[in-house]
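Input: a single structure, listed below in structure tokens.
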Amino acid sequence: MARHGGGRGWYGKVVGAALGVMLLATGASVWTAQAGDTDDAPPKASAPGKGAAAKPVSAAIAHASEQGKRGVNITIDDGPDLKWTPQMLDLLRQYGAKATFCMVGTQAQAHPDLVKKVVAAGHRLCDHSVSHNTAMDKDSQAYQSKQILDAERMITKASGGVRPMYYRAPGGAFTPYSRKLAASRGMRPLGWNVDTKDFERPGTDAIVATVQRELPNGPTLLFHDAGGDRTQTVEALRRLLPWLKAQGYTFGFPVR
């Protein structure tokens with residue numbers, strides 16, 4: 001599976017300080033969003049909210065929808081962004097759709113009002129690391145811990161105390177360690193089934209066609225609301241949301 005962006009990502013480098021978070025007996029091999037453990041086991045934890053971390057959830061990468069076989073999960077990465085996130089929130093509200101917003105820690109910290117709007121609209125939060133380093137699986141466990149836990153704190157603070165329910169590794173750069181660490185914090189590792197490639201700006205028609213062609217692969221769709229001009233993504237959602245409803249799909253959230 002192709003990774004999004006390259007190197008340390010468009011958010012820049014963050015130096016991984018040594019952080020003795022917890023001893024997790026894992027290796028360092030890559031577990032992408034499309035490989036390794038999936039959601040064969042049922043979810044184990046209740047949804048986290050304000051306060052302390054919830055009980056650990058499954059460390060398997062989630063793809064399925066809580067709405068079952070006719071459910072579809074809209075997931076939106078890399079924001080929030082002052083220009084594009086409000087437009088996507090308006091479209092989601094117009095079509096009665098819910099989404100999972102996978103937020104970069106620095107973006108959430110910079111735009112807390114937007115994070116609160118996402119929560120107030122009934123959408124879910126997802127930890128997408130501090131700096132969007134798509135090669136973080138090659139870094140130390142201390143670095144991975146800092147990226148995940150610092151972003152969790154940033155997002156939780158920005159939201160007013162609502163904790164992220166999922167963790168999505170940038171570019172699918174999961175490791176067994178990062179999956180188990182996220183799960184221990186009540187965040188289910190989150191994959192995807194349909195990569196719209198909207199970050200490449202292939203054209204609205206191409207984004208729409210990708211979803212319509214690949215939706216049989218599974219219900220979790222990947223879009224972006226930051227990292228560049230997202231006009232094509234907005235227009236694709238404007239066409240896809242009513243189309244999905246007309247096909248009998250229900251908008252939901254990934255399993256936990």
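Each chain in the structure tokens gets a letter, A, B and so on, in the order shown; residues start at 1 in every chain, and ligands are counted from 1 in the order they appear.
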
Determine which residues of region 155-236 of chain A DSSP labels as helix (DSSP H, G or I) from the backbone of this structure, then write them out as a VMD selection string.
chain A and resid 155 to 159 170 to 172 176 to 184 198 to 200 204 to 217 231 to 236

### Message
Env of region 230-237 of chain A: 10 Å cut, atoms = only C-alpha atoms, seq-sep filter 6 positions within chain, self excluded. Answer as a list in words.
### Response
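Counting only C-alpha atoms, the residues come to Ile74, Lys83, Trp84, Thr85, Gln87, Met88, Leu91, Leu92, Thr196, Lys197, Asp198, Phe199, Glu200, Arg201, Pro202, Gly203, Thr204, Asp205, Ala206, Ile207, Val208, Ala209, Val211, Phe223, His224, Trp243 and Leu244 of chain A.
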
How would the residues just picked look written out with N, CA, C and O atoms as a CSV table (one decimal), in the first residue's frame?
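Full text of out.csv as output:
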chain,number,residue,atom,x,y,z
A,74,ILE,N,-16.9,7.4,6.9
A,74,ILE,CA,-16.2,8.5,6.3
A,74,ILE,C,-15.1,8.9,7.3
A,74,ILE,O,-15.4,9.2,8.5
A,83,LYS,N,-9.9,26.5,6.5
A,83,LYS,CA,-10.7,26.6,5.3
A,83,LYS,C,-11.5,25.4,4.9
A,83,LYS,O,-12.7,25.5,4.6
A,84,TRP,N,-10.9,24.2,5.0
A,84,TRP,CA,-11.6,23.0,4.5
A,84,TRP,C,-12.4,22.3,5.5
A,84,TRP,O,-13.5,21.7,5.1
A,85,THR,N,-12.0,22.3,6.7
A,85,THR,CA,-12.8,21.5,7.7
A,85,THR,C,-14.3,22.1,7.8
A,85,THR,O,-15.2,21.3,7.8
A,87,GLN,N,-16.1,23.5,5.6
A,87,GLN,CA,-16.9,23.1,4.4
A,87,GLN,C,-17.3,21.7,4.5
A,87,GLN,O,-18.4,21.3,4.1
A,88,MET,N,-16.4,20.8,5.0
A,88,MET,CA,-16.8,19.4,5.1
A,88,MET,C,-17.8,19.2,6.2
A,88,MET,O,-18.7,18.4,6.1
A,91,LEU,N,-21.2,20.0,4.7
A,91,LEU,CA,-21.7,18.9,3.8
A,91,LEU,C,-22.2,17.7,4.7
A,91,LEU,O,-23.2,17.1,4.4
A,92,LEU,N,-21.4,17.4,5.7
A,92,LEU,CA,-21.8,16.2,6.5
A,92,LEU,C,-23.2,16.5,7.2
A,92,LEU,O,-24.0,15.7,7.3
A,196,THR,N,-8.9,7.2,-1.4
A,196,THR,CA,-9.4,8.0,-2.5
A,196,THR,C,-8.3,8.7,-3.3
A,196,THR,O,-8.5,9.2,-4.4
A,197,LYS,N,-7.1,8.7,-2.7
A,197,LYS,CA,-5.9,9.4,-3.4
A,197,LYS,C,-6.2,10.9,-3.6
A,197,LYS,O,-5.6,11.6,-4.4
A,198,ASP,N,-7.1,11.5,-2.8
A,198,ASP,CA,-7.5,12.9,-2.9
A,198,ASP,C,-6.3,13.8,-2.7
A,198,ASP,O,-6.3,14.9,-3.2
A,199,PHE,N,-5.4,13.3,-1.9
A,199,PHE,CA,-4.2,14.2,-1.5
A,199,PHE,C,-3.3,14.4,-2.8
A,199,PHE,O,-2.6,15.4,-2.8
A,200,GLU,N,-3.5,13.6,-3.8
A,200,GLU,CA,-2.8,13.8,-5.1
A,200,GLU,C,-3.5,14.7,-6.0
A,200,GLU,O,-3.0,15.1,-7.1
A,201,ARG,N,-4.7,15.1,-5.7
A,201,ARG,CA,-5.6,16.0,-6.5
A,201,ARG,C,-5.7,15.4,-7.9
A,201,ARG,O,-5.4,16.1,-8.9
A,202,PRO,N,-6.3,14.2,-8.0
A,202,PRO,CA,-6.4,13.6,-9.3
A,202,PRO,C,-7.6,14.1,-10.1
A,202,PRO,O,-7.8,13.7,-11.3
A,203,GLY,N,-8.4,15.0,-9.5
A,203,GLY,CA,-9.7,15.5,-10.1
A,203,GLY,C,-10.9,14.9,-9.4
A,203,GLY,O,-10.8,13.8,-8.9
A,204,THR,N,-11.9,15.7,-9.3
A,204,THR,CA,-13.1,15.3,-8.6
A,204,THR,C,-13.7,14.0,-9.2
A,204,THR,O,-14.1,13.1,-8.4
A,205,ASP,N,-13.7,13.9,-10.5
A,205,ASP,CA,-14.3,12.7,-11.1
A,205,ASP,C,-13.5,11.5,-10.7
A,205,ASP,O,-14.1,10.4,-10.5
A,206,ALA,N,-12.2,11.6,-10.7
A,206,ALA,CA,-11.4,10.4,-10.3
A,206,ALA,C,-11.6,10.0,-8.9
A,206,ALA,O,-11.7,8.8,-8.6
A,207,ILE,N,-11.8,11.0,-8.0
A,207,ILE,CA,-12.0,10.6,-6.6
A,207,ILE,C,-13.3,9.9,-6.4
A,207,ILE,O,-13.5,8.9,-5.8
A,208,VAL,N,-14.4,10.4,-7.1
A,208,VAL,CA,-15.7,9.8,-7.0
A,208,VAL,C,-15.6,8.4,-7.6
A,208,VAL,O,-16.2,7.4,-7.1
A,209,ALA,N,-15.0,8.3,-8.8
A,209,ALA,CA,-14.9,7.0,-9.4
A,209,ALA,C,-14.2,5.9,-8.6
A,209,ALA,O,-14.5,4.8,-8.5
A,211,VAL,N,-14.1,5.8,-5.3
A,211,VAL,CA,-15.0,5.3,-4.2
A,211,VAL,C,-16.0,4.3,-4.8
A,211,VAL,O,-16.2,3.3,-4.2
A,223,PHE,N,-10.4,10.3,3.3
A,223,PHE,CA,-10.3,11.6,2.6
A,223,PHE,C,-9.4,12.5,3.5
A,223,PHE,O,-8.9,12.1,4.5
A,224,HIS,N,-9.1,13.7,3.0
A,224,HIS,CA,-8.3,14.7,3.7
A,224,HIS,C,-8.9,16.0,3.7
A,224,HIS,O,-9.5,16.5,2.8
A,243,TRP,N,-25.0,10.1,-3.2
A,243,TRP,CA,-25.0,8.9,-3.9
A,243,TRP,C,-25.0,7.7,-3.0
A,243,TRP,O,-25.7,6.7,-3.2
A,244,LEU,N,-24.2,7.8,-1.9
A,244,LEU,CA,-24.1,6.7,-0.9
A,244,LEU,C,-25.5,6.5,-0.3
A,244,LEU,O,-25.9,5.3,-0.1

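CA of Pro219 (chain A) is positioned 19.9 Å from CA of Arg93 (chain A).
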
Surrounding residues of Tyr166 (chain A) excluding itself and chain neighbours under 5 positions, 9 Å, only C-alpha atoms, as a short mmCIF file (atom, residue, chain, number, x, y, z; two decimals) with N, CA, C and O atoms, in the first residue's frame:
data_model
loop_
_atom_site.label_atom_id
_atom_site.label_comp_id
_atom_site.auth_asym_id
_atom_site.auth_seq_id
_atom_site.Cartn_x
_atom_site.Cartn_y
_atom_site.Cartn_z
N THR A 100 -15.32 10.36 11.08
CA THR A 100 -14.22 10.28 12.04
C THR A 100 -13.10 11.17 11.55
O THR A 100 -12.60 10.98 10.43
N CYS A 102 -9.41 12.30 11.79
CA CYS A 102 -8.09 11.89 12.27
C CYS A 102 -7.19 13.12 12.26
O CYS A 102 -6.71 13.56 11.21
N ARG A 124 -16.52 11.78 15.56
CA ARG A 124 -15.53 11.19 16.46
C ARG A 124 -14.13 11.67 16.13
O ARG A 124 -13.83 12.04 14.99
N LEU A 125 -13.27 11.63 17.15
CA LEU A 125 -11.89 12.08 17.03
C LEU A 125 -10.94 10.89 16.92
O LEU A 125 -11.17 9.83 17.51
N CYS A 126 -9.88 11.11 16.19
CA CYS A 126 -8.85 10.09 15.98
C CYS A 126 -7.49 10.76 16.07
O CYS A 126 -7.28 11.84 15.53
N ASP A 127 -6.56 10.14 16.77
CA ASP A 127 -5.19 10.59 16.92
C ASP A 127 -4.41 10.22 15.65
O ASP A 127 -4.33 9.04 15.28
N HIS A 128 -3.83 11.24 14.99
CA HIS A 128 -3.08 11.00 13.75
C HIS A 128 -1.63 11.43 13.92
O HIS A 128 -0.98 11.81 12.95
N ALA A 182 -1.53 2.39 21.50
CA ALA A 182 -2.79 3.11 21.25
C ALA A 182 -3.95 2.40 21.93
O ALA A 182 -4.78 3.04 22.59
N ALA A 183 -4.02 1.09 21.78
CA ALA A 183 -5.12 0.34 22.39
C ALA A 183 -5.11 0.46 23.90
O ALA A 183 -6.17 0.54 24.53
N GLY A 186 -7.05 3.29 25.01
CA GLY A 186 -8.45 3.30 24.60
C GLY A 186 -8.67 3.74 23.18
O GLY A 186 -9.80 4.06 22.80
N MET A 187 -7.61 3.75 22.35
CA MET A 187 -7.73 4.18 20.96
C MET A 187 -7.55 2.98 20.03
O MET A 187 -6.47 2.39 19.97
N ARG A 188 -8.61 2.61 19.32
CA ARG A 188 -8.52 1.48 18.40
C ARG A 188 -7.70 1.87 17.18
O ARG A 188 -7.96 2.90 16.55
N PRO A 189 -6.70 1.08 16.82
CA PRO A 189 -5.98 1.34 15.56
C PRO A 189 -6.95 1.32 14.39
O PRO A 189 -7.78 0.41 14.27
N LEU A 190 -6.85 2.32 13.52
CA LEU A 190 -7.84 2.50 12.46
C LEU A 190 -7.17 2.45 11.09
O LEU A 190 -6.27 3.23 10.80
N PRO A 254 -16.25 3.47 12.60
CA PRO A 254 -15.52 2.19 12.64
C PRO A 254 -15.80 1.45 13.95
O PRO A 254 -16.05 2.05 14.98
N ARG A 256 -15.21 -0.58 17.35
CA ARG A 256 -14.27 -0.48 18.45
C ARG A 256 -14.31 -1.75 19.27
O ARG A 256 -13.42 -2.16 19.86
#

Counting only C-alpha atoms, closest pick from A:Arg239, A:Lys98, A:Lys138, A:Arg213 relative to Gly122 (chain A) is A:Lys98

Going by DSSP on the backbone, which residues of region 81-237 of chain A come out as strand (DSSP E or B)? List them as a PyMOL selection string.
chain A and resi 99-103+124-127+166-167+174+188-190+194-195+220-224

CA of Val162 (chain A) sits from CA of Gln94 (chain A) at a separation of 24.2 Å
